[in-house]
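Chemist: Input structure: final-v9.cif, which contains mmCIF, C-alpha atoms.
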data_upload
loop_
_atom_site.label_atom_id
_atom_site.label_comp_id
_atom_site.auth_asym_id
_atom_site.auth_seq_id
_atom_site.Cartn_x
_atom_site.Cartn_y
_atom_site.Cartn_z
CA MET A 1 118.75 -267.56 -120.89
CA THR A 2 116.70 -270.68 -120.22
CA VAL A 3 114.38 -270.51 -117.23
CA PRO A 4 115.25 -273.44 -114.91
CA THR A 5 112.73 -276.25 -114.73
CA GLU A 6 112.22 -275.79 -110.99
CA ILE A 7 111.26 -272.13 -111.56
CA ILE A 8 108.84 -273.03 -114.38
CA GLU A 9 107.20 -275.64 -112.16
CA LYS A 10 106.59 -273.04 -109.45
CA VAL A 11 105.00 -270.56 -111.87
CA VAL A 12 102.33 -273.04 -113.03
CA ASP A 13 101.76 -274.90 -109.74
CA PRO A 14 98.92 -273.55 -107.52
CA ARG A 15 100.62 -275.10 -104.49
CA ALA A 16 103.57 -272.71 -104.85
CA TYR A 17 101.15 -269.80 -104.38
CA ALA A 18 99.84 -271.43 -101.20
CA ASP A 19 103.18 -272.21 -99.54
CA GLY A 20 104.84 -268.93 -100.60
CA SER A 21 107.61 -270.54 -102.63
CA ILE A 22 106.39 -268.60 -105.68
CA TYR A 23 108.08 -265.55 -104.15
CA ASP A 24 111.45 -267.30 -104.35
CA ALA A 25 110.77 -268.00 -108.02
CA TYR A 26 109.77 -264.38 -108.60
CA ARG A 27 112.95 -263.17 -106.89
CA TRP A 28 115.11 -265.36 -109.14
CA LEU A 29 113.27 -264.20 -112.26
CA ARG A 30 113.53 -260.50 -111.40
CA ALA A 31 117.28 -260.86 -110.88
CA ASN A 32 118.10 -263.20 -113.74
CA ASP A 33 115.39 -263.29 -116.40
CA PRO A 34 112.66 -260.69 -115.75
CA MET A 35 110.78 -261.57 -118.93
CA GLY A 36 111.66 -265.25 -119.01
CA LEU A 37 110.11 -267.55 -121.60
CA VAL A 38 108.16 -270.43 -120.05
CA GLU A 39 107.55 -273.59 -122.04
CA ALA A 40 105.58 -275.80 -119.67
CA PRO A 41 103.89 -279.08 -120.65
CA GLY A 42 100.25 -278.49 -121.53
CA TYR A 43 100.57 -274.72 -121.96
CA ASP A 44 101.19 -272.45 -124.91
CA PRO A 45 104.58 -270.71 -124.42
CA PHE A 46 104.40 -267.45 -122.47
CA ARG A 47 106.72 -264.86 -120.95
CA VAL A 48 106.72 -264.22 -117.19
CA VAL A 49 106.85 -260.46 -116.58
CA THR A 50 108.10 -259.95 -113.02
CA ARG A 51 109.48 -256.40 -112.69
CA HIS A 52 107.30 -253.53 -111.48
CA ALA A 53 108.37 -251.16 -114.25
CA ASP A 54 107.73 -253.72 -117.00
CA VAL A 55 104.30 -254.67 -115.69
CA MET A 56 103.34 -250.98 -115.62
CA GLU A 57 104.75 -250.35 -119.09
CA ILE A 58 102.72 -253.19 -120.60
CA SER A 59 99.58 -252.33 -118.62
CA ARG A 60 99.41 -248.75 -119.82
CA GLN A 61 99.50 -249.74 -123.50
CA ASN A 62 96.09 -251.32 -123.99
CA ASP A 63 96.15 -250.95 -127.77
CA LEU A 64 99.49 -252.73 -128.02
CA PHE A 65 98.85 -255.48 -125.47
CA HIS A 66 95.42 -257.11 -125.55
CA ASN A 67 93.57 -259.00 -122.82
CA GLY A 68 91.29 -261.11 -124.96
CA PRO A 69 90.40 -263.76 -125.55
CA GLN A 70 92.43 -265.50 -122.79
CA ALA A 71 93.09 -263.06 -119.96
CA VAL A 72 94.05 -265.74 -117.41
CA LEU A 73 96.64 -268.49 -117.71
CA ASN A 74 95.02 -271.74 -118.74
CA THR A 75 96.11 -275.04 -120.22
CA GLN A 76 95.70 -275.76 -123.92
CA VAL A 77 93.05 -278.32 -122.95
CA GLY A 78 91.21 -275.76 -120.84
CA ILE A 79 91.29 -273.13 -123.56
CA ARG A 80 90.07 -275.59 -126.19
CA LYS A 81 87.20 -276.79 -123.99
CA SER A 82 86.17 -273.21 -123.24
CA LEU A 83 86.16 -272.22 -126.91
CA GLU A 84 84.23 -275.35 -127.88
CA LEU A 85 81.51 -274.49 -125.38
CA THR A 86 81.10 -270.93 -126.65
CA GLY A 87 81.83 -271.12 -130.35
CA GLY A 88 85.16 -269.35 -130.06
CA LYS A 89 84.08 -266.57 -127.67
CA PRO A 90 85.00 -266.09 -123.99
CA LEU A 91 82.77 -268.17 -121.72
CA VAL A 92 81.95 -265.08 -119.66
CA ASN A 93 82.47 -261.83 -121.59
CA SER A 94 83.46 -259.43 -118.82
CA LEU A 95 85.64 -256.31 -118.65
CA VAL A 96 88.58 -258.63 -117.96
CA GLN A 97 88.45 -260.08 -121.49
CA MET A 98 87.59 -256.86 -123.34
CA ASP A 99 89.94 -254.67 -125.36
CA PRO A 100 89.55 -251.19 -126.90
CA PRO A 101 87.20 -249.81 -128.09
CA GLU A 102 84.71 -252.29 -126.58
CA HIS A 103 86.31 -252.12 -123.13
CA GLY A 104 85.88 -248.36 -122.72
CA LYS A 105 82.21 -248.47 -123.66
CA TYR A 106 81.38 -251.21 -121.18
CA ARG A 107 83.53 -249.77 -118.41
CA GLY A 108 81.74 -246.44 -118.79
CA LEU A 109 78.40 -248.04 -117.89
CA THR A 110 79.29 -248.26 -114.19
CA SER A 111 82.45 -246.19 -113.73
CA ALA A 112 80.56 -243.27 -112.16
CA TRP A 113 78.77 -245.69 -109.83
CA PHE A 114 82.09 -246.83 -108.33
CA GLN A 115 83.53 -243.35 -107.76
CA PRO A 116 84.11 -242.21 -104.14
CA GLY A 117 81.41 -239.53 -104.32
CA ASN A 118 78.71 -242.04 -105.18
CA LEU A 119 79.99 -244.72 -102.80
CA LYS A 120 79.91 -242.26 -99.90
CA ARG A 121 76.12 -242.60 -99.71
CA LEU A 122 76.58 -246.29 -98.92
CA GLU A 123 79.00 -245.80 -96.03
CA GLY A 124 76.28 -245.85 -93.39
CA ARG A 125 75.01 -249.27 -94.48
CA ILE A 126 78.57 -250.60 -94.90
CA ARG A 127 79.35 -249.47 -91.34
CA GLU A 128 76.30 -251.34 -90.05
CA LEU A 129 77.59 -254.52 -91.68
CA ALA A 130 81.10 -253.90 -90.33
CA ARG A 131 79.82 -253.32 -86.80
CA ARG A 132 77.76 -256.48 -86.98
CA SER A 133 80.86 -258.42 -88.05
CA VAL A 134 82.93 -256.99 -85.20
CA ASP A 135 80.15 -257.82 -82.73
CA ARG A 136 80.11 -261.41 -84.02
CA MET A 137 83.87 -261.61 -83.52
CA ALA A 138 83.56 -260.24 -79.97
CA GLN A 139 81.01 -262.90 -79.14
CA SER A 140 83.23 -265.76 -80.30
CA GLY A 141 85.00 -266.15 -76.95
CA GLY A 142 88.41 -264.72 -77.88
CA ARG A 143 89.19 -267.28 -80.59
CA CYS A 144 88.02 -267.59 -84.17
CA ASP A 145 89.01 -268.35 -87.73
CA PHE A 146 89.04 -264.75 -88.95
CA VAL A 147 88.84 -265.71 -92.62
CA ASN A 148 85.92 -268.10 -92.44
CA GLU A 149 83.98 -266.28 -89.74
CA ILE A 150 84.57 -262.62 -90.68
CA ALA A 151 86.64 -261.85 -93.78
CA LEU A 152 84.67 -264.03 -96.19
CA HIS A 153 81.25 -262.82 -95.06
CA TYR A 154 81.59 -259.06 -94.59
CA PRO A 155 82.71 -258.11 -98.15
CA LEU A 156 80.18 -260.52 -99.63
CA LEU A 157 77.34 -258.89 -97.69
CA VAL A 158 78.53 -255.48 -98.93
CA ILE A 159 78.60 -256.52 -102.58
CA MET A 160 75.19 -258.20 -102.21
CA GLU A 161 73.83 -254.96 -100.74
CA ILE A 162 75.21 -253.03 -103.72
CA LEU A 163 73.72 -255.47 -106.23
CA GLY A 164 70.42 -255.54 -104.35
CA LEU A 165 70.52 -259.25 -103.53
CA PRO A 166 68.59 -260.62 -100.53
CA GLU A 167 70.77 -261.43 -97.54
CA GLU A 168 69.32 -264.94 -97.30
CA ASP A 169 71.15 -265.76 -100.56
CA GLU A 170 74.55 -265.28 -98.89
CA PRO A 171 75.25 -269.03 -98.42
CA LEU A 172 74.65 -269.66 -102.13
CA MET A 173 76.80 -266.71 -103.25
CA LEU A 174 79.61 -267.72 -100.89
CA LYS A 175 79.55 -271.30 -102.16
CA LEU A 176 79.63 -270.22 -105.81
CA THR A 177 82.42 -267.66 -105.47
CA GLN A 178 84.56 -270.06 -103.44
CA GLU A 179 84.12 -272.84 -105.97
CA MET A 180 84.84 -270.60 -108.95
CA PHE A 181 88.06 -269.09 -107.60
CA GLY A 182 89.12 -272.08 -105.53
CA ALA A 183 88.75 -274.74 -108.22
CA THR A 184 92.34 -275.90 -107.81
CA ASP A 185 92.22 -276.02 -104.01
CA PRO A 186 90.82 -279.36 -102.78
CA GLU A 187 89.84 -277.83 -99.44
CA LEU A 188 87.84 -275.00 -101.04
CA ASN A 189 86.28 -277.13 -103.74
CA GLN A 190 85.74 -280.75 -102.81
CA ARG A 191 84.93 -281.66 -106.40
CA SER A 192 88.42 -280.57 -107.47
CA SER A 193 90.15 -283.11 -105.22
CA SER A 194 90.25 -285.67 -108.03
CA LEU A 195 91.90 -283.27 -110.47
CA ASN A 196 95.54 -283.45 -111.45
CA ILE A 197 96.54 -279.99 -110.23
CA LYS A 198 99.22 -279.34 -112.83
CA ASP A 199 97.14 -280.52 -115.80
CA GLU A 200 93.85 -278.91 -114.79
CA THR A 201 95.10 -275.61 -113.43
CA GLN A 202 92.46 -272.92 -113.07
CA GLN A 203 89.56 -274.81 -114.59
CA LEU A 204 86.34 -273.10 -113.59
CA ASP A 205 83.84 -275.27 -111.82
CA MET A 206 81.30 -275.36 -114.64
CA THR A 207 78.41 -276.38 -112.39
CA SER A 208 79.04 -273.30 -110.25
CA LEU A 209 79.20 -271.05 -113.30
CA TRP A 210 75.94 -272.38 -114.75
CA THR A 211 74.24 -271.98 -111.37
CA MET A 212 75.46 -268.39 -111.09
CA MET A 213 74.34 -267.63 -114.65
CA ALA A 214 70.85 -268.99 -113.97
CA TYR A 215 70.65 -266.90 -110.78
CA PHE A 216 71.62 -263.68 -112.55
CA ASN A 217 69.44 -264.35 -115.60
CA LYS A 218 66.45 -264.39 -113.27
CA LEU A 219 67.71 -261.21 -111.58
CA THR A 220 68.02 -259.48 -114.98
CA GLU A 221 64.40 -260.29 -115.83
CA GLU A 222 63.26 -258.92 -112.47
CA ARG A 223 65.25 -255.68 -112.73
CA ARG A 224 64.15 -255.01 -116.31
CA ALA A 225 60.53 -255.42 -115.25
CA ASN A 226 60.93 -253.48 -111.99
CA PRO A 227 64.15 -251.42 -111.85
CA THR A 228 65.37 -250.11 -108.49
CA ASP A 229 68.35 -247.95 -107.45
CA ASP A 230 70.82 -250.84 -107.08
CA LEU A 231 73.73 -251.79 -109.31
CA ALA A 232 71.88 -254.82 -110.68
CA SER A 233 69.32 -252.47 -112.22
CA VAL A 234 72.08 -250.42 -113.84
CA ILE A 235 73.55 -253.56 -115.41
CA ALA A 236 70.23 -255.12 -116.42
CA ASN A 237 69.05 -251.96 -118.19
CA ALA A 238 72.37 -250.79 -119.65
CA GLU A 239 72.76 -250.06 -123.36
CA ILE A 240 75.75 -249.89 -125.69
CA ASP A 241 75.32 -247.83 -128.87
CA GLY A 242 71.59 -247.73 -128.25
CA GLU A 243 71.23 -251.51 -127.89
CA PRO A 244 70.75 -253.57 -124.68
CA LEU A 245 73.73 -255.63 -123.53
CA ASP A 246 73.71 -259.13 -124.93
CA ALA A 247 73.26 -262.04 -122.53
CA MET A 248 76.98 -262.89 -122.22
CA ALA A 249 78.06 -259.30 -121.56
CA THR A 250 75.30 -258.83 -118.99
CA MET A 251 76.31 -262.04 -117.29
CA GLY A 252 79.96 -261.03 -117.40
CA TYR A 253 79.20 -257.81 -115.56
CA TYR A 254 77.34 -259.63 -112.79
CA VAL A 255 79.95 -262.35 -112.42
CA ILE A 256 82.93 -260.00 -112.28
CA THR A 257 81.11 -257.79 -109.74
CA ALA A 258 79.96 -260.64 -107.51
CA THR A 259 83.19 -262.64 -107.58
CA ALA A 260 86.00 -260.11 -107.91
CA GLY A 261 84.17 -257.64 -105.68
CA HIS A 262 84.03 -260.23 -102.94
CA ASP A 263 86.99 -262.57 -103.15
CA THR A 264 89.77 -260.03 -103.58
CA THR A 265 88.55 -257.82 -100.72
CA SER A 266 88.11 -260.78 -98.38
CA SER A 267 91.67 -261.89 -99.21
CA SER A 268 93.13 -258.45 -98.48
CA THR A 269 91.12 -258.17 -95.26
CA GLY A 270 92.35 -261.56 -94.06
CA GLY A 271 95.88 -260.70 -95.18
CA ALA A 272 95.78 -257.48 -93.17
CA LEU A 273 94.92 -259.18 -89.89
CA TRP A 274 97.35 -262.03 -90.56
CA ALA A 275 100.17 -259.52 -91.03
CA LEU A 276 99.16 -257.55 -87.92
CA ALA A 277 99.06 -260.74 -85.84
CA GLU A 278 102.58 -261.64 -87.02
CA ASN A 279 103.91 -258.11 -86.50
CA PRO A 280 102.90 -257.01 -82.98
CA GLU A 281 104.90 -253.77 -83.19
CA GLU A 282 102.96 -252.74 -86.29
CA PHE A 283 99.72 -253.66 -84.54
CA ARG A 284 100.61 -251.53 -81.52
CA LYS A 285 101.62 -248.65 -83.78
CA LEU A 286 98.27 -248.84 -85.58
CA ARG A 287 96.22 -248.97 -82.37
CA ALA A 288 98.10 -245.93 -81.10
CA ASP A 289 97.42 -243.97 -84.30
CA VAL A 290 94.29 -245.00 -86.17
CA SER A 291 94.97 -242.30 -88.77
CA LEU A 292 97.38 -244.90 -90.21
CA ILE A 293 94.47 -247.17 -91.20
CA PRO A 294 94.43 -246.00 -94.87
CA SER A 295 98.17 -246.58 -95.33
CA MET A 296 97.90 -249.93 -93.51
CA ILE A 297 95.17 -250.95 -95.95
CA ASP A 298 97.34 -250.10 -98.96
CA GLU A 299 100.19 -252.07 -97.42
CA ALA A 300 97.92 -255.05 -96.74
CA ILE A 301 96.71 -254.97 -100.35
CA ARG A 302 100.33 -254.83 -101.60
CA TRP A 303 101.36 -257.53 -99.16
CA THR A 304 98.57 -259.91 -100.16
CA THR A 305 98.09 -258.97 -103.85
CA PRO A 306 95.05 -261.24 -104.29
CA VAL A 307 95.03 -261.09 -108.11
CA LYS A 308 98.32 -262.76 -108.87
CA HIS A 309 98.32 -262.29 -112.64
CA PHE A 310 96.57 -261.37 -115.85
CA MET A 311 97.65 -262.34 -119.34
CA ARG A 312 98.31 -260.02 -122.30
CA ARG A 313 99.03 -260.75 -125.96
CA ALA A 314 101.23 -258.48 -128.08
CA THR A 315 99.50 -257.14 -131.19
CA ARG A 316 102.79 -256.35 -132.97
CA ASP A 317 106.55 -256.62 -132.52
CA THR A 318 107.78 -254.29 -129.79
CA GLU A 319 110.26 -253.92 -126.93
CA VAL A 320 109.74 -253.62 -123.17
CA GLY A 321 112.51 -252.99 -120.68
CA GLY A 322 115.17 -253.81 -123.25
CA HIS A 323 113.55 -257.15 -124.14
CA ALA A 324 112.21 -257.85 -127.61
CA ILE A 325 108.57 -258.99 -127.70
CA ALA A 326 107.27 -260.63 -130.86
CA GLU A 327 103.78 -260.17 -132.25
CA ASP A 328 101.29 -262.63 -130.72
CA GLU A 329 103.55 -263.49 -127.75
CA TRP A 330 101.61 -264.27 -124.57
CA LEU A 331 102.70 -262.40 -121.44
CA MET A 332 101.95 -263.21 -117.79
CA LEU A 333 101.86 -259.98 -115.76
CA CYS A 334 102.87 -261.06 -112.25
CA TYR A 335 101.46 -258.39 -109.94
CA ALA A 336 102.58 -260.18 -106.78
CA SER A 337 106.15 -260.11 -108.07
CA ALA A 338 105.92 -256.45 -109.11
CA ASN A 339 104.68 -255.60 -105.61
CA ARG A 340 107.76 -257.21 -104.05
CA ASP A 341 110.22 -255.69 -106.54
CA GLU A 342 113.34 -254.41 -104.78
CA ALA A 343 113.70 -251.68 -107.41
CA ALA A 344 110.27 -250.24 -106.55
CA PHE A 345 109.94 -250.84 -102.79
CA ASP A 346 112.27 -250.41 -99.84
CA GLU A 347 112.44 -253.69 -97.89
CA PRO A 348 109.63 -255.21 -100.00
CA ASP A 349 109.36 -258.35 -97.87
CA SER A 350 108.59 -256.36 -94.73
CA PHE A 351 105.05 -255.40 -93.71
CA ARG A 352 105.08 -251.69 -92.81
CA ILE A 353 101.79 -249.98 -92.07
CA ASP A 354 103.21 -246.49 -92.71
CA ARG A 355 104.95 -247.34 -96.01
CA LYS A 356 105.38 -244.25 -98.17
CA PRO A 357 105.50 -244.10 -101.06
CA ASN A 358 103.52 -247.26 -101.78
CA ARG A 359 103.11 -247.51 -105.55
CA HIS A 360 101.66 -251.01 -105.52
CA ILE A 361 99.77 -252.22 -108.56
CA ALA A 362 97.53 -254.80 -106.90
CA PHE A 363 94.56 -253.15 -108.63
CA GLY A 364 96.29 -253.21 -112.00
CA TYR A 365 97.32 -250.15 -113.95
CA GLY A 366 96.26 -248.23 -117.04
CA GLY A 367 92.92 -248.72 -118.78
CA HIS A 368 92.14 -251.88 -116.82
CA LEU A 369 92.68 -250.31 -113.39
CA CYS A 370 90.18 -252.06 -111.12
CA LEU A 371 86.77 -250.35 -111.05
CA GLY A 372 86.20 -251.52 -107.49
CA GLN A 373 89.40 -250.20 -105.92
CA TYR A 374 87.67 -247.39 -104.02
CA LEU A 375 84.93 -249.72 -102.77
CA ALA A 376 87.52 -252.23 -101.53
CA LYS A 377 89.42 -249.55 -99.61
CA ILE A 378 86.22 -248.09 -98.13
CA GLU A 379 85.10 -251.54 -96.94
CA MET A 380 88.44 -252.29 -95.33
CA ARG A 381 88.75 -248.83 -93.78
CA ILE A 382 85.33 -249.00 -92.18
CA LEU A 383 85.87 -252.53 -90.85
CA PHE A 384 89.17 -251.60 -89.18
CA GLU A 385 87.71 -248.33 -87.86
CA GLU A 386 85.13 -250.45 -86.07
CA LEU A 387 87.52 -253.24 -85.06
CA LEU A 388 90.70 -251.51 -83.84
CA PRO A 389 89.20 -249.48 -80.95
CA ARG A 390 87.88 -252.75 -79.49
CA LEU A 391 90.73 -255.12 -80.38
CA GLU A 392 93.27 -255.02 -77.54
CA SER A 393 95.49 -257.90 -78.67
CA VAL A 394 95.71 -260.46 -81.46
CA GLU A 395 97.99 -263.40 -82.20
CA LEU A 396 97.97 -266.52 -84.31
CA ASP A 397 96.24 -269.50 -82.72
CA GLY A 398 97.36 -272.28 -85.02
CA GLU A 399 98.60 -272.62 -88.58
CA PRO A 400 97.13 -270.17 -91.09
CA ALA A 401 96.95 -271.19 -94.73
CA MET A 402 96.73 -269.66 -98.20
CA SER A 403 94.56 -271.03 -101.00
CA GLN A 404 96.01 -273.10 -103.84
CA ALA A 405 95.33 -270.90 -106.86
CA LEU A 406 97.45 -268.99 -109.34
CA PHE A 407 94.86 -266.44 -110.47
CA VAL A 408 93.15 -265.16 -107.30
CA ASN A 409 94.72 -266.38 -104.09
CA GLY A 410 94.62 -265.35 -100.45
CA PRO A 411 94.17 -266.61 -96.89
CA LYS A 412 91.74 -269.52 -96.62
CA ARG A 413 92.28 -270.15 -92.91
CA LEU A 414 93.39 -267.75 -90.17
CA PRO A 415 92.98 -269.04 -86.60
CA ILE A 416 93.56 -266.22 -84.10
CA ARG A 417 93.41 -265.63 -80.36
CA PHE A 418 92.48 -262.12 -79.25
CA THR A 419 91.09 -259.91 -76.52
CA MET A 420 88.35 -257.37 -77.16
CA THR A 421 86.33 -254.83 -75.23
#
Please express what this file holds, its structure, as structure tokens.
Modeler:
Amino acid sequence: MTVPTEIIEKVVDPRAYADGSIYDAYRWLRANDPMGLVEAPGYDPFRVVTRHADVMEISRQNDLFHNGPQAVLNTQVGIRKSLELTGGKPLVNSLVQMDPPEHGKYRGLTSAWFQPGNLKRLEGRIRELARRSVDRMAQSGGRCDFVNEIALHYPLLVIMEILGLPEEDEPLMLKLTQEMFGATDPELNQRSSSLNIKDETQQLDMTSLWTMMAYFNKLTEERRANPTDDLASVIANAEIDGEPLDAMATMGYYVITATAGHDTTSSSTGGALWALAENPEEFRKLRADVSLIPSMIDEAIRWTTPVKHFMRRATRDTEVGGHAIAEDEWLMLCYASANRDEAAFDEPDSFRIDRKPNRHIAFGYGGHLCLGQYLAKIEMRILFEELLPRLESVELDGEPAMSQALFVNGPKRLPIRFTMT
């Protein structure tokens, strides 16, 4: 079957992820061509994997389906420019680009740090930051843009606390993370407004990347000279096979922690309040039974699915879900589609705070399951534990909006009207 042109255009257009029309494309693909071949101008051919079961099947076979060297959809021009800059290596060598056995070694450096037992010691400080955010919201006069005034700042302050970064650097970190993940959204990155969106999809803002690299290079020098008990010290002084991490791997660890640890959680947090504002019955149910906060958080993460895709490349001929996959074929794992799959979720397009079971794969699956999943859930749980007892009502106060991006995407504007104690 040939994937219709209008469906292909949605898959590679960041605007479709902003206006929600990508979900119509996903629905068509799941029903008609769940591993459809996309041949879009400017891109190498790739298959769009849209069913929950198929995404899970591919994700659990890390030896058969590799991430590197291109783990995110990019144009041929973008890939070529990236490889020219780095001599054929990934621009930032993070866990996202790594495959076995390298991936396991690098993941092991911080995996214990991100386990619930270790994170528990940070809950007191996280609660302080959450309470401060809720107080700021209460002082806003009953109206605010929840994304830009609360959701963007709170997770960033948490991740900066974990890395040991000074709070006065928050404006710089916010600017850099927004520019890196919002490069295709003119509103989030003014310098991208002159780009042709379809031809320059997902190009990193290179100035932002160089600035972030310079910042973290200085941090590495400081933590190697004077290590502390923060995560930056763990990264700066880590060793693989008895040797210190090279500069690109060290930088990759910082960048993935600072950006993914912030942007995805802020998107899910904004998505949660957006959904509650649009579903007053669910909001009332949650206020009446705050023990539902953990399941509401999982539902908000499924509902928003900030990381829309990762790419995989087959290392040999194989078959998935009855579809033949040839060696070296490029596959786009569409997590947002998998999390709305009718075969995996009852009424997938409904937001239900008590959804059970909720086998969403917004954090990925298999060997690349997100290291920060427990941290993200702890952050969101604590924020809503502080917010809900004081939030008496909430409704939309204007037109909310999603960001234009096909890698990491979420609410970029959420005007609300509310009453608080």
Chemist: Name the residues that the PyMOL selection byres ((chain A and resi 136-145) around 8) pulls out of this structure, and write them as a ChimeraX atom specification.
Modeler: /A:132-135,146-150,397,413-421
Chemist: Name every residue that the PyMOL selection byres ((chain A and resi 4-16) around 8) selects in this structure, writing the answer as number ranges by chain with chains first and numbers rising.
Modeler: A: 2-3, 17-22, 25, 38-40, 184-185, 197-198, 201, 404-406
Chemist: Suppose a student applies the PyMOL selection byres ((chain A and resi 327) around 6) to this structure; what residues should they get, written as a list in words?
Modeler: Ala314, Thr315, Arg316, Asp317, Ala326, Asp328 and Glu329 of chain A
Chemist: From the options A:Asn93, A:Ser208, A:Ser111, A:Ser393, which residue's atoms come nearest to Met248 (chain A), counting all atoms listed in the file?
Modeler: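 Smallest distance to Met248 (chain A) is found for A:Asn93.
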Chemist: Got a sec: who's within 12 Å of Leu286 (chain A), counting all atoms listed in the file, leaving out chain neighbours fewer than 3 positions off, as a list in words?
Modeler: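 The residues that qualify are Ala272, Leu273, Leu276, Ala277, Asn279, Pro280, Glu281, Glu282, Phe283, Asp289, Val290, Ser291, Leu292, Ile293, Pro294, Ser295, Met296, Ile297, Arg352, Ile353, Asp354, Phe384, Glu385, Leu387, Leu388, Pro389, Leu391, Glu392 and Ser393 of chain A.
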Chemist: Please provide as a PyMOL selection string all residues within 9 Å of Val55 (chain A), with the sequence filter that same-chain residues fewer than 5 positions apart are discarded (counting all atoms listed in the file).
Modeler: chain A and resi 49-50+60+333-335+338+361+364-365
Chemist: Find the residues around Asp241 (chain A) up to 12 Å (all atoms listed in the file counted), leave out those fewer than 5 positions away in its own chain, and share them as a PDB file with C-alpha atoms, in the frame of the given file.
Modeler:
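Produced file selection_20.pdb, reproduced below:
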ATOM      1  CA  GLU A 102      84.710-252.290-126.580  1.00  0.00           C
ATOM      2  CA  LYS A 105      82.210-248.470-123.660  1.00  0.00           C
ATOM      3  CA  TYR A 106      81.380-251.210-121.180  1.00  0.00           C
ATOM      4  CA  LEU A 109      78.400-248.040-117.890  1.00  0.00           C
TER       5      LEU A 109
END
Chemist: For region 220-230 of chain A, work out the shell of residues within 6 Å, counting all atoms listed in the file and skipping chain neighbours fewer than 5 positions away, then give it as a list in words.
Modeler: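 So, after excluding close chain neighbours, the residues are Ile162, Leu163, Gly164 and Ala236 of chain A.
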Chemist: So that I can see what lies close to Ala247 (chain A), please list as a list of chain:residue names the residues with an atom at most 9 Å from it, counting all atoms listed in the file and leaving out residues fewer than 4 positions away in the same chain.
Modeler: A:Asn217, A:Met251, A:Gly252
Chemist: Which is closer to Leu64 (chain A) than all the others in A:Arg312, A:His103, A:Arg359, A:Arg51, using all atoms listed in the file?
Modeler: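 Residue with the minimum atom-to-atom distance to Leu64 (chain A): A:Arg312.
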Chemist: Can you work out which one of A:Gly68, A:Gly398, A:Gly42, A:Gly104 has the shortest atom-to-atom distance to Leu369 (chain A), counting all atoms listed in the file?
Modeler: A:Gly104
Chemist: Reconstruct N, CA and C atoms of region 282-295 of chain A; output as a compact mmCIF listing (two decimals), in the coordinates of the input.
Modeler:
# COMPACT_ATOMS: atom_id res chain seq x y z
N GLU A 282 103.80 -253.46 -85.33
CA GLU A 282 102.96 -252.74 -86.29
C GLU A 282 101.53 -252.63 -85.77
N PHE A 283 101.06 -253.70 -85.13
CA PHE A 283 99.72 -253.66 -84.54
C PHE A 283 99.62 -252.60 -83.47
N ARG A 284 100.62 -252.53 -82.58
CA ARG A 284 100.61 -251.53 -81.52
C ARG A 284 100.69 -250.12 -82.10
N LYS A 285 101.49 -249.96 -83.13
CA LYS A 285 101.62 -248.65 -83.78
C LYS A 285 100.27 -248.21 -84.37
N LEU A 286 99.56 -249.15 -84.96
CA LEU A 286 98.27 -248.84 -85.58
C LEU A 286 97.22 -248.50 -84.53
N ARG A 287 97.20 -249.26 -83.44
CA ARG A 287 96.22 -248.97 -82.37
C ARG A 287 96.49 -247.60 -81.76
N ALA A 288 97.75 -247.22 -81.70
CA ALA A 288 98.10 -245.93 -81.10
C ALA A 288 97.78 -244.77 -82.03
N ASP A 289 97.67 -245.04 -83.34
CA ASP A 289 97.42 -243.97 -84.30
C ASP A 289 96.53 -244.51 -85.42
N VAL A 290 95.22 -244.43 -85.19
CA VAL A 290 94.29 -245.00 -86.17
C VAL A 290 94.25 -244.20 -87.48
N SER A 291 94.89 -243.04 -87.51
CA SER A 291 94.97 -242.30 -88.77
C SER A 291 95.83 -243.05 -89.79
N LEU A 292 96.56 -244.08 -89.31
CA LEU A 292 97.38 -244.90 -90.21
C LEU A 292 96.58 -246.01 -90.90
N ILE A 293 95.28 -246.11 -90.60
CA ILE A 293 94.47 -247.17 -91.20
C ILE A 293 94.53 -247.14 -92.73
N PRO A 294 94.37 -245.99 -93.40
CA PRO A 294 94.43 -246.00 -94.87
C PRO A 294 95.76 -246.52 -95.43
N SER A 295 96.88 -246.10 -94.83
CA SER A 295 98.17 -246.58 -95.33
C SER A 295 98.37 -248.05 -94.99
